[in-house]
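J.: Sharing data-v6.csv (CSV, C-alpha atoms) below.
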chain,number,residue,atom,x,y,z
A,1,MET,CA,13.0,17.9,-13.3
A,2,THR,CA,10.8,16.0,-10.9
A,3,LEU,CA,7.3,16.9,-10.0
A,4,ARG,CA,6.6,17.0,-6.2
A,5,ARG,CA,3.2,15.8,-5.1
A,6,THR,CA,1.7,15.1,-1.7
A,7,LEU,CA,-0.3,12.0,-0.9
A,8,PHE,CA,-3.0,11.9,1.6
A,9,GLY,CA,-2.9,8.6,3.5
A,10,ALA,CA,-6.0,6.5,4.2
A,11,ALA,CA,-5.7,8.0,7.7
A,12,LEU,CA,-8.1,10.6,6.4
A,13,ALA,CA,-10.9,8.2,7.1
A,14,PHE,CA,-10.0,8.5,10.7
A,15,GLY,CA,-9.6,12.3,10.6
A,16,LEU,CA,-5.8,12.0,10.4
A,17,ALA,CA,-3.7,13.2,7.5
A,18,ALA,CA,-0.5,11.5,6.5
A,19,LEU,CA,1.5,13.5,3.9
A,20,THR,CA,4.2,12.0,1.9
A,21,PRO,CA,6.2,13.6,-1.0
A,22,LEU,CA,5.7,11.9,-4.3
A,23,THR,CA,7.9,12.5,-7.3
A,24,ALA,CA,7.6,11.4,-10.9
A,25,GLU,CA,10.3,8.8,-10.2
A,26,ALA,CA,9.5,5.7,-8.2
A,27,ALA,CA,9.7,6.1,-4.5
A,28,SER,CA,8.8,4.4,-1.3
A,29,GLY,CA,7.6,6.2,1.8
A,30,GLN,CA,6.6,5.2,5.2
A,31,SER,CA,5.3,6.6,8.5
A,32,ALA,CA,7.8,7.2,11.3
A,33,SER,CA,6.6,4.1,13.2
A,34,TYR,CA,6.9,1.7,10.3
A,35,GLY,CA,9.7,-0.9,10.3
A,36,ASN,CA,9.6,-1.7,14.0
A,37,LEU,CA,8.1,-5.2,13.6
A,38,PRO,CA,9.5,-8.4,11.9
A,39,ASN,CA,9.4,-8.4,8.0
A,40,GLU,CA,8.7,-4.6,7.8
A,41,GLY,CA,11.0,-2.9,5.5
A,42,ARG,CA,11.3,-5.9,3.2
A,43,TYR,CA,9.5,-6.6,-0.1
A,44,PRO,CA,7.4,-9.8,0.0
A,45,GLU,CA,9.9,-11.8,-2.0
A,46,GLN,CA,12.6,-10.9,0.6
A,47,THR,CA,10.6,-12.7,3.4
A,48,ALA,CA,10.5,-16.3,4.5
A,49,CYS,CA,7.0,-16.3,3.1
A,50,ALA,CA,8.0,-15.5,-0.5
A,51,GLY,CA,5.6,-17.2,-2.9
A,52,HIS,CA,3.1,-17.9,-0.2
A,53,TYR,CA,1.1,-14.7,0.1
A,54,ILE,CA,-2.6,-15.1,-0.8
A,55,GLN,CA,-5.6,-12.9,-1.5
A,56,PRO,CA,-7.7,-13.7,1.5
A,57,LYS,CA,-11.5,-13.9,1.6
A,58,MET,CA,-12.5,-10.6,3.1
A,59,PRO,CA,-15.6,-8.3,3.1
A,60,GLY,CA,-15.8,-6.6,-0.3
A,61,GLY,CA,-13.0,-8.7,-1.7
A,62,ALA,CA,-9.2,-8.4,-1.8
A,63,THR,CA,-9.2,-6.9,-5.3
A,64,LYS,CA,-10.6,-3.4,-6.1
A,65,LYS,CA,-10.7,-1.5,-9.4
A,66,ALA,CA,-10.9,2.2,-10.2
A,67,VAL,CA,-10.8,4.2,-13.4
A,68,TYR,CA,-8.1,6.8,-13.5
A,69,GLN,CA,-6.8,8.7,-16.6
A,70,GLY,CA,-8.8,6.4,-18.8
A,71,ARG,CA,-7.2,3.3,-17.3
A,72,THR,CA,-8.8,0.6,-15.1
A,73,VAL,CA,-6.3,0.4,-12.3
A,74,THR,CA,-6.4,-2.7,-10.1
A,75,LEU,CA,-5.6,-2.7,-6.4
A,76,LYS,CA,-4.8,-6.1,-4.7
A,77,TYR,CA,-4.3,-7.0,-1.1
A,78,PHE,CA,-2.1,-10.0,-0.3
A,79,SER,CA,-1.6,-11.6,3.1
A,80,ASN,CA,0.3,-14.4,4.9
A,81,SER,CA,-0.6,-15.3,8.5
A,82,GLY,CA,3.1,-15.7,9.4
A,83,CYS,CA,4.7,-12.7,7.7
A,84,GLY,CA,2.1,-9.9,7.1
A,85,SER,CA,0.5,-8.2,4.2
A,86,TYR,CA,1.3,-5.9,1.2
A,87,ALA,CA,-0.6,-4.0,-1.5
A,88,ARG,CA,-0.1,-4.2,-5.2
A,89,ILE,CA,-1.4,-1.9,-8.0
A,90,GLU,CA,-1.5,-2.9,-11.7
A,91,ASN,CA,-2.2,-0.9,-14.9
A,92,ALA,CA,-1.4,2.3,-13.0
A,93,PRO,CA,0.0,5.5,-14.5
A,94,GLN,CA,2.7,7.7,-13.0
A,95,GLY,CA,1.4,9.6,-10.0
A,96,CYS,CA,-0.2,6.5,-8.5
A,97,ALA,CA,0.9,4.6,-5.4
A,98,ALA,CA,0.1,1.3,-3.7
A,99,HIS,CA,-0.4,2.2,0.0
A,100,SER,CA,-0.7,-0.3,2.9
A,101,ASN,CA,-2.1,0.7,6.3
A,102,ARG,CA,-1.9,-1.1,9.6
A,103,LEU,CA,-3.8,-0.1,12.8
A,104,ASP,CA,-1.6,0.3,15.8
A,105,GLY,CA,-3.9,1.4,18.7
A,106,SER,CA,-5.3,4.7,17.6
A,107,LYS,CA,-2.6,5.3,15.0
A,108,ILE,CA,-2.2,4.2,11.4
A,109,VAL,CA,1.2,2.9,10.4
A,110,TRP,CA,1.7,3.0,6.6
A,111,VAL,CA,4.1,2.3,3.8
A,112,LEU,CA,3.7,3.2,0.1
A,113,GLU,CA,5.3,2.5,-3.2
A,114,THR,CA,4.9,4.6,-6.4
A,115,VAL,CA,4.9,3.3,-10.0
A,116,ASP,CA,8.4,3.0,-11.5
A,117,PRO,CA,9.0,5.0,-14.7
A,118,GLY,CA,8.2,2.7,-17.7
A,119,SER,CA,6.2,0.4,-15.5
A,120,THR,CA,2.5,0.2,-14.7
A,121,SER,CA,2.7,-1.7,-11.3
A,122,ALA,CA,4.0,-1.3,-7.8
A,123,ASN,CA,4.2,-3.5,-4.6
A,124,THR,CA,4.5,-2.1,-1.2
A,125,LYS,CA,6.9,-3.5,1.4
A,126,VAL,CA,5.4,-5.8,4.0
A,127,LEU,CA,3.3,-4.6,6.9
A,128,ASN,CA,3.4,-6.9,9.9
A,129,ASN,CA,-0.3,-7.6,10.7
A,130,PRO,CA,-0.2,-11.1,12.4
A,131,ASP,CA,-1.2,-11.4,16.0
A,132,GLY,CA,-4.6,-9.7,15.6
A,133,ARG,CA,-3.3,-6.6,13.9
A,134,GLN,CA,-5.5,-5.3,11.0
A,135,SER,CA,-4.3,-3.9,7.7
A,136,ARG,CA,-5.7,-2.9,4.3
A,137,ALA,CA,-4.6,-1.8,0.9
A,138,VAL,CA,-5.3,1.6,-0.6
A,139,LEU,CA,-4.9,3.0,-4.2
A,140,ILE,CA,-3.9,6.7,-4.3
A,141,CYS,CA,-3.4,8.7,-7.5
A,142,ASP,CA,-2.4,12.4,-7.5
A,143,ASN,CA,-3.7,13.1,-4.0
A,144,GLN,CA,-6.9,11.1,-4.4
A,145,THR,CA,-7.8,7.9,-2.7
A,146,LEU,CA,-9.5,6.0,-5.4
A,147,ALA,CA,-10.0,2.6,-3.8
A,148,SER,CA,-9.4,0.6,-0.7
A,149,THR,CA,-10.0,-2.8,0.7
A,150,ALA,CA,-11.7,-3.5,4.0
A,151,TRP,CA,-9.6,-3.9,7.1
A,152,TYR,CA,-8.4,-7.5,7.5
Represent the structure from my file as structure tokens, please.
T.:
Amino acid sequence: MTLRRTLFGAALAFGLAALTPLTAEAASGQSASYGNLPNEGRYPEQTACAGHYIQPKMPGGATKKAVYQGRTVTLKYFSNSGCGSYARIENAPQGCAAHSNRLDGSKIVWVLETVDPGSTSANTKVLNNPDGRQSRAVLICDNQTLASTAWY
């Protein structure tokens, strides 16, 4: 039996709520407008930039940590100027998700990935943020935003 949960997207910071079902099994989710740009819908290793994503120098850093269920969970933001960005979480329990957000005018486009059963990490698919688009990484566990990077 799977446990259905709802995640609030980082859009809450802008007064918007993005709800996504979350089950105990790994799952990806995305906003309706995600996937319209090159590389979106692909994992980083499936892009031409595989192996060339970096953690950029950004305000507050590209790595954040939060304690959840007695674990120190790490959130990482990776970027490549030609392909886009993605989020990764490490040492995360079930019920946590890596969440990537991209600003698109006044809307937030997002993609998320939950932790696989038996694993403690997850990567999102790529968000296209070249050409001046901004994105960030967010850690969400059981309906709670625990950490986020600055917009980059």
J.: Name all residues at most 12 Å from Glu45 (chain A) (count all atoms listed in the file; drop same-chain ones fewer than 2 positions away) and give them as a ChimeraX atom specification.
T.: /A:39,41-43,47-53,83,85-86,123-126
J.: In the coordinate frame of the file, compute which residues have an atom within 8 Å of (-8.2, 3.8, -6.5) when using all atoms listed in the file, and state them as a list in words.
T.: Lys64, Lys65, Ala66, Val67, Tyr68, Val73, Thr74, Leu75, Val138, Leu139, Ile140, Cys141, Gln144, Thr145, Leu146, Ala147 and Ser148 of chain A
J.: Which residue is closest to Tyr152 (chain A)? Choose from A:Ser135, A:Ser33, A:Thr72, A:Thr63 and count all atoms listed in the file.
T.: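 Ranked by minimum distance to Tyr152 (chain A), first place goes to A:Ser135.
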J.: Quick one: pull the distance between CA of Leu37 (chain A) and CA of Ser79 (chain A), Å, one decimal.
T.: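 CA of Ser79 (chain A) lies 15.7 Å from CA of Leu37 (chain A).
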J.: A:Gln94, A:Asn101, A:Asn128, A:Gln55: which is nearest Ser31 (chain A), counting all atoms listed in the file?
T.: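 Closest to Ser31 (chain A), using all atoms listed in the file: A:Asn101.
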J.: Which value, in Å to one decimal, gives the distance between CA of Tyr34 (chain A) and CA of Asn80 (chain A)?
T.: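 Atom-to-atom, CA of Tyr34 (chain A) and CA of Asn80 (chain A) are spaced 18.2 Å apart.
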J.: So which one's closest to Ala92 (chain A), A:Leu127, A:Ala137, A:Ile54, A:Val115? Using all atoms listed in the file, please.
T.: A:Val115
J.: If you count only C-alpha atoms, which residues fall within 7 Å of Glu113 (chain A), apart from same-chain ones fewer than 6 positions away, as an MDAnalysis selection string?
T.: chainID A and resid 27:29 97:99 122:124
J.: Which one of A:Gly95, A:Gly70, A:Gly84, A:Pro44 sits closest to Gln134 (chain A) if you count all atoms listed in the file?
T.: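 Looking at the shortest contact to Gln134 (chain A), the residue is A:Gly84.
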J.: How many Å lie between CA of Asp131 (chain A) and CA of Pro38 (chain A), rounded to one decimal?
T.: 11.8 Å
J.: Env of Lys76 (chain A): 6 Å cut, atoms = only C-alpha atoms, seq-sep filter 4 positions within chain, self excluded. Answer as a tab-separated table (two decimals) with C-alpha atoms, in the frame of the given file.
T.:
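Output saved as around24.tsv:
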chain	number	residue	atom	x	y	z
A	62	ALA	CA	-9.20	-8.40	-1.80
A	63	THR	CA	-9.20	-6.90	-5.30
A	87	ALA	CA	-0.60	-4.00	-1.50
A	88	ARG	CA	-0.10	-4.20	-5.20
